[in-house]
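In what follows, a single structure is set out as structure tokens and then discussed.
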Amino acid sequence: MDVDHESEYLKRLGKGEHDAFDALFLSYHSLMKRFLTGFIKDGDDVRDILQDIFCSVWEHRDSIARVGSFKSYLFRMARNAVYNHFKLNAIREEHLQQYQREAILVDDLQEERLYAEELGLLLDLAIDRMPPQRKLIFMMSRKEDLPNGEIAKRLNISKRTVENHITQALADLRKLLKVIIPFFI
């Protein structure tokens with residue numbers, strides 16, 4: 001489009017004439033599309049950016065009517081749109097990667113929690129299978145957090161007997177752990 005026609009269309013665009021906008025759109029749309037496609041390969045993104053550019057032209061028609069070179073103005077808008085596109089994509093990619101890292105962490109934590117629950121259930125089963133006196137002493141020591149002297153007093157047995165039962169209970173649990181821990185690693 002020559003400078004005189006462009007200047008005339010810009011004046012008419014400034015007055016809100018749709019046919020002037022249509023003429024400018026038809027003159028520059030394919031040129032702008034080729035320019036944008038050189039940077040942005042996704043056709044949908046290019047169409048969206050083009051639409052945004054020409055919508056902005058219409059919205060700011062009053063001030064655009066006074067520009068010296070409409071072509072230069074469009075290319076500046078397109079260049080800025082390309083920068084914004086890449087900046088937004090970089091931010092979007094960063095957020096996606098952060099989300100994926102957090103999702104992996106959550107999955108790992110859930111898996112660890114599941115293993116801990118399974119291990120706890122196996123230990124509870126092992127404790128349930130202990131002889132009744134050993135089980136009672138172990139539960140009082142570890143679950144009720146009672147000192148050995150208090151347990152001995154309550155059960156009317158020697159403190160040494162309490163210590164022997166706890167030592168044997170811990171030895172039984174260590175044996176079990178040696179067998180089952182490899183399945184959790």
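Just so we're on the same page: first chain in the structure tokens is A, next is B, and so on; residues restart at 1 for each chain, and ligands are numbered from 1 in the order they show up.
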
Write out as a tab-separated table a residue-level contact list of range 80-163 of chain A versus range 49-60 of chain A with cut-off 9 Å: for each qualifying residue the closest pair of atoms and the distance in Å to one decimal, counting only C-alpha atoms, rows sorted by chain and residue number upward.
residue	atom	partner	partner_atom	distance
A:Ala81	CA	A:Ile49	CA	6.8
A:Val82	CA	A:Ile49	CA	8.4
A:His85	CA	A:Ile49	CA	8.6

For the selection you just gave me, I'd like the residues written to a file as a PDB file, in the first residue's frame, keeping all heavy atoms.
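Saved the output as selection-v3.pdb:
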ATOM      1  N   ALA A  81       4.562  -8.447  20.709  1.00  0.00           N
ATOM      2  CA  ALA A  81       3.707  -9.621  20.923  1.00  0.00           C
ATOM      3  C   ALA A  81       4.536 -10.904  20.936  1.00  0.00           C
ATOM      4  O   ALA A  81       4.275 -11.815  21.731  1.00  0.00           O
ATOM      5  CB  ALA A  81       2.623  -9.697  19.847  1.00  0.00           C
ATOM      6  N   VAL A  82       5.556 -10.978  20.065  1.00  0.00           N
ATOM      7  CA  VAL A  82       6.438 -12.154  20.038  1.00  0.00           C
ATOM      8  C   VAL A  82       7.205 -12.248  21.360  1.00  0.00           C
ATOM      9  O   VAL A  82       7.289 -13.322  21.968  1.00  0.00           O
ATOM     10  CB  VAL A  82       7.407 -12.100  18.833  1.00  0.00           C
ATOM     11  CG1 VAL A  82       8.499 -13.146  18.957  1.00  0.00           C
ATOM     12  CG2 VAL A  82       6.641 -12.297  17.536  1.00  0.00           C
ATOM     13  N   HIS A  85       4.857 -13.381  24.001  1.00  0.00           N
ATOM     14  CA  HIS A  85       4.516 -14.789  23.783  1.00  0.00           C
ATOM     15  C   HIS A  85       5.596 -15.695  24.376  1.00  0.00           C
ATOM     16  O   HIS A  85       5.302 -16.633  25.113  1.00  0.00           O
ATOM     17  CB  HIS A  85       4.345 -15.058  22.283  1.00  0.00           C
ATOM     18  CG  HIS A  85       4.138 -16.491  21.942  1.00  0.00           C
ATOM     19  ND1 HIS A  85       2.941 -17.133  22.104  1.00  0.00           N
ATOM     20  CD2 HIS A  85       5.004 -17.415  21.449  1.00  0.00           C
ATOM     21  CE1 HIS A  85       3.057 -18.385  21.729  1.00  0.00           C
ATOM     22  NE2 HIS A  85       4.305 -18.587  21.328  1.00  0.00           N
TER      23      HIS A  85
END

Quiz item: What's the 9 Å shell around His165 in chain A, counting only C-alpha atoms, without same-chain residues fewer than 3 positions away, as a ChimeraX atom specification?
Solution: /A:133-135,137-138,160-162,168-170

Selected residues, N, CA, C and O atoms, written as a PDB file, in the first residue's frame, please.
ATOM      1  N   GLN A 133       2.992 -62.219  78.216  1.00  0.00           N
ATOM      2  CA  GLN A 133       3.732 -61.417  79.197  1.00  0.00           C
ATOM      3  C   GLN A 133       4.687 -60.450  78.497  1.00  0.00           C
ATOM      4  O   GLN A 133       4.760 -59.280  78.839  1.00  0.00           O
ATOM      5  N   ARG A 134       5.423 -60.924  77.482  1.00  0.00           N
ATOM      6  CA  ARG A 134       6.369 -60.082  76.752  1.00  0.00           C
ATOM      7  C   ARG A 134       5.619 -58.970  76.029  1.00  0.00           C
ATOM      8  O   ARG A 134       6.046 -57.819  76.022  1.00  0.00           O
ATOM      9  N   LYS A 135       4.491 -59.323  75.409  1.00  0.00           N
ATOM     10  CA  LYS A 135       3.689 -58.330  74.689  1.00  0.00           C
ATOM     11  C   LYS A 135       3.214 -57.230  75.634  1.00  0.00           C
ATOM     12  O   LYS A 135       3.333 -56.039  75.331  1.00  0.00           O
ATOM     13  N   ILE A 137       4.482 -56.291  78.563  1.00  0.00           N
ATOM     14  CA  ILE A 137       5.612 -55.485  79.038  1.00  0.00           C
ATOM     15  C   ILE A 137       6.089 -54.539  77.933  1.00  0.00           C
ATOM     16  O   ILE A 137       6.347 -53.351  78.180  1.00  0.00           O
ATOM     17  N   PHE A 138       6.186 -55.057  76.731  1.00  0.00           N
ATOM     18  CA  PHE A 138       6.646 -54.225  75.606  1.00  0.00           C
ATOM     19  C   PHE A 138       5.670 -53.066  75.348  1.00  0.00           C
ATOM     20  O   PHE A 138       6.093 -51.938  75.124  1.00  0.00           O
ATOM     21  N   ARG A 160      14.604 -56.667  86.524  1.00  0.00           N
ATOM     22  CA  ARG A 160      15.462 -57.444  85.613  1.00  0.00           C
ATOM     23  C   ARG A 160      14.606 -58.284  84.658  1.00  0.00           C
ATOM     24  O   ARG A 160      14.937 -58.413  83.487  1.00  0.00           O
ATOM     25  N   THR A 161      13.512 -58.844  85.122  1.00  0.00           N
ATOM     26  CA  THR A 161      12.606 -59.621  84.270  1.00  0.00           C
ATOM     27  C   THR A 161      12.000 -58.723  83.199  1.00  0.00           C
ATOM     28  O   THR A 161      11.888 -59.109  82.028  1.00  0.00           O
ATOM     29  N   VAL A 162      11.622 -57.512  83.582  1.00  0.00           N
ATOM     30  CA  VAL A 162      11.080 -56.538  82.629  1.00  0.00           C
ATOM     31  C   VAL A 162      12.125 -56.246  81.559  1.00  0.00           C
ATOM     32  O   VAL A 162      11.835 -56.258  80.356  1.00  0.00           O
ATOM     33  N   GLN A 168      14.326 -59.122  74.684  1.00  0.00           N
ATOM     34  CA  GLN A 168      13.921 -60.202  73.785  1.00  0.00           C
ATOM     35  C   GLN A 168      12.910 -59.710  72.743  1.00  0.00           C
ATOM     36  O   GLN A 168      12.981 -60.094  71.568  1.00  0.00           O
ATOM     37  N   ALA A 169      11.995 -58.839  73.143  1.00  0.00           N
ATOM     38  CA  ALA A 169      11.004 -58.291  72.198  1.00  0.00           C
ATOM     39  C   ALA A 169      11.712 -57.481  71.109  1.00  0.00           C
ATOM     40  O   ALA A 169      11.401 -57.620  69.908  1.00  0.00           O
ATOM     41  N   LEU A 170      12.668 -56.662  71.512  1.00  0.00           N
ATOM     42  CA  LEU A 170      13.418 -55.872  70.527  1.00  0.00           C
ATOM     43  C   LEU A 170      14.239 -56.770  69.599  1.00  0.00           C
ATOM     44  O   LEU A 170      14.337 -56.501  68.396  1.00  0.00           O
TER      45      LEU A 170
END

Quiz item: Got a sec to tell me which of chain A DSSP assigns to helix (DSSP H, G or I), as number ranges by chain?
Solution: A: 3-14, 18-37, 43-59, 61-64, 70-128, 132-142, 148-155, 159-184

Could those residues be written to a file, using C-alpha atoms, as a compact mmCIF listing (two decimals), in the first residue's frame?
# COMPACT_ATOMS: atom_id res chain seq x y z
CA VAL A 3 1.94 6.13 1.66
CA ASP A 4 -0.86 8.39 0.38
CA HIS A 5 -3.50 5.66 0.49
CA GLU A 6 -2.26 4.49 3.88
CA SER A 7 -2.45 8.04 5.24
CA GLU A 8 -5.99 8.44 3.93
CA TYR A 9 -7.10 5.11 5.40
CA LEU A 10 -5.54 6.02 8.76
CA LYS A 11 -7.48 9.31 8.86
CA ARG A 12 -10.69 7.48 8.06
CA LEU A 13 -9.82 4.78 10.62
CA GLY A 14 -9.45 7.54 13.20
CA HIS A 18 -14.99 0.16 9.16
CA ASP A 19 -14.12 0.06 5.47
CA ALA A 20 -10.82 1.89 6.19
CA PHE A 21 -10.01 -0.70 8.86
CA ASP A 22 -10.90 -3.50 6.43
CA ALA A 23 -8.59 -2.05 3.77
CA LEU A 24 -5.68 -1.77 6.21
CA PHE A 25 -6.38 -5.25 7.54
CA LEU A 26 -6.38 -6.78 4.05
CA SER A 27 -3.21 -4.91 3.11
CA TYR A 28 -1.16 -5.98 6.12
CA HIS A 29 -2.67 -9.20 7.46
CA SER A 30 -0.69 -11.64 5.31
CA LEU A 31 2.57 -9.71 5.78
CA MET A 32 2.11 -9.74 9.55
CA LYS A 33 1.17 -13.41 9.50
CA ARG A 34 4.38 -14.31 7.64
CA PHE A 35 6.41 -12.21 10.07
CA LEU A 36 4.87 -13.87 13.13
CA THR A 37 5.11 -17.36 11.63
CA GLY A 43 -0.65 -21.54 13.82
CA ASP A 44 -3.28 -21.07 16.52
CA ASP A 45 -0.95 -18.83 18.51
CA VAL A 46 -0.16 -16.80 15.38
CA ARG A 47 -3.88 -16.34 14.64
CA ASP A 48 -4.54 -15.29 18.24
CA ILE A 49 -1.72 -12.76 18.18
CA LEU A 50 -2.88 -11.37 14.83
CA GLN A 51 -6.37 -11.01 16.17
CA ASP A 52 -5.06 -9.23 19.27
CA ILE A 53 -2.96 -6.86 17.15
CA PHE A 54 -5.80 -5.88 14.85
CA CYS A 55 -8.26 -5.62 17.74
CA SER A 56 -5.80 -3.25 19.38
CA VAL A 57 -5.59 -1.25 16.14
CA TRP A 58 -9.35 -0.83 16.19
CA GLU A 59 -9.48 -0.01 19.91
CA ARG A 61 -7.81 3.94 16.19
CA ASP A 62 -7.80 7.56 17.37
CA SER A 63 -4.10 7.57 18.25
CA ILE A 64 -3.10 5.22 15.41
CA PHE A 70 1.39 2.21 10.00
CA LYS A 71 3.59 -0.63 8.74
CA SER A 72 6.34 0.21 11.26
CA TYR A 73 3.72 0.54 13.98
CA LEU A 74 2.33 -2.93 13.18
CA PHE A 75 5.78 -4.50 13.15
CA ARG A 76 6.58 -2.93 16.52
CA MET A 77 3.31 -4.36 17.89
CA ALA A 78 4.12 -7.76 16.39
CA ARG A 79 7.67 -7.72 17.81
CA ASN A 80 6.34 -6.90 21.27
CA ALA A 81 3.71 -9.62 20.92
CA VAL A 82 6.44 -12.15 20.04
CA TYR A 83 8.46 -11.12 23.11
CA ASN A 84 5.38 -11.43 25.32
CA HIS A 85 4.52 -14.79 23.78
CA PHE A 86 7.95 -16.23 24.56
CA LYS A 87 8.00 -14.65 28.02
CA LEU A 88 4.59 -16.13 28.85
CA ASN A 89 5.61 -19.52 27.47
CA ALA A 90 8.77 -19.47 29.60
CA ILE A 91 6.73 -18.62 32.70
CA ARG A 92 4.16 -21.28 31.84
CA GLU A 93 6.92 -23.87 31.33
CA GLU A 94 8.55 -22.92 34.63
CA HIS A 95 5.23 -23.31 36.45
CA LEU A 96 4.60 -26.64 34.74
CA GLN A 97 8.02 -27.94 35.76
CA GLN A 98 7.49 -26.74 39.32
CA TYR A 99 4.09 -28.44 39.39
CA GLN A 100 5.63 -31.67 38.09
CA ARG A 101 8.42 -31.53 40.70
CA GLU A 102 5.84 -30.99 43.45
CA ALA A 103 3.66 -33.79 42.09
CA ILE A 104 6.63 -36.17 42.16
CA LEU A 105 7.44 -35.07 45.70
CA VAL A 106 3.84 -35.63 46.78
CA ASP A 107 3.84 -39.06 45.12
CA ASP A 108 7.10 -39.92 46.90
CA LEU A 109 5.69 -38.77 50.23
CA GLN A 110 2.50 -40.75 49.71
CA GLU A 111 4.54 -43.82 48.80
CA GLU A 112 6.73 -43.38 51.89
CA ARG A 113 3.65 -42.90 54.05
CA LEU A 114 2.16 -46.08 52.62
CA TYR A 115 5.39 -48.01 53.30
CA ALA A 116 5.48 -46.64 56.85
CA GLU A 117 1.87 -47.73 57.42
CA GLU A 118 2.57 -51.20 56.01
CA LEU A 119 5.70 -51.51 58.12
CA GLY A 120 3.75 -50.37 61.18
CA LEU A 121 1.10 -53.00 60.50
CA LEU A 122 3.74 -55.72 60.18
CA LEU A 123 5.36 -54.63 63.44
CA ASP A 124 1.96 -54.59 65.15
CA LEU A 125 1.35 -58.14 63.90
CA ALA A 126 4.74 -59.24 65.23
CA ILE A 127 3.97 -57.63 68.60
CA ASP A 128 0.57 -59.37 68.69
CA PRO A 132 1.36 -62.53 76.40
CA GLN A 133 3.73 -61.42 79.20
CA ARG A 134 6.37 -60.08 76.75
CA LYS A 135 3.69 -58.33 74.69
CA LEU A 136 2.21 -56.66 77.80
CA ILE A 137 5.61 -55.48 79.04
CA PHE A 138 6.65 -54.23 75.61
CA MET A 139 3.38 -52.31 75.15
CA MET A 140 3.67 -50.72 78.58
CA SER A 141 7.26 -49.70 77.81
CA ARG A 142 6.88 -48.47 74.26
CA ASN A 148 10.99 -50.36 83.69
CA GLY A 149 10.70 -49.89 87.47
CA GLU A 150 7.05 -48.81 87.17
CA ILE A 151 6.23 -51.79 84.92
CA ALA A 152 7.88 -54.17 87.41
CA LYS A 153 5.92 -52.63 90.27
CA ARG A 154 2.57 -52.86 88.42
CA LEU A 155 3.10 -56.48 87.33
CA LYS A 159 12.93 -54.99 87.12
CA ARG A 160 15.46 -57.44 85.61
CA THR A 161 12.61 -59.62 84.27
CA VAL A 162 11.08 -56.54 82.63
CA GLU A 163 14.44 -55.70 81.05
CA ASN A 164 14.86 -59.26 79.76
CA HIS A 165 11.38 -59.25 78.15
CA ILE A 166 12.01 -55.86 76.46
CA THR A 167 15.43 -57.02 75.24
CA GLN A 168 13.92 -60.20 73.79
CA ALA A 169 11.00 -58.29 72.20
CA LEU A 170 13.42 -55.87 70.53
CA ALA A 171 15.57 -58.77 69.31
CA ASP A 172 12.48 -60.44 67.78
CA LEU A 173 11.52 -57.19 66.03
CA ARG A 174 15.08 -56.70 64.72
CA LYS A 175 15.00 -60.18 63.19
CA LEU A 176 11.70 -59.41 61.52
CA LEU A 177 13.00 -56.08 60.20
CA LYS A 178 16.07 -57.77 58.67
CA VAL A 179 13.72 -59.98 56.70
CA ILE A 180 11.15 -57.40 55.58
CA ILE A 181 13.17 -54.19 55.10
CA PRO A 182 14.64 -55.32 51.73
CA PHE A 183 11.08 -55.41 50.38
CA PHE A 184 10.63 -51.74 51.27

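Atom pair CA of Leu146 in chain A / CA of Ser158 in chain A has a distance of 14.8 Å (rounded to one decimal).
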
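Reported to one decimal place, the separation of CA of Arg129 in chain A from CA of Pro147 in chain A is 23.0 Å.
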
Quiz item: Any idea what the distance is between CA of Asp2 in chain A and CA of Lys15 in chain A?
Solution: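 The value is 20.4 Å.
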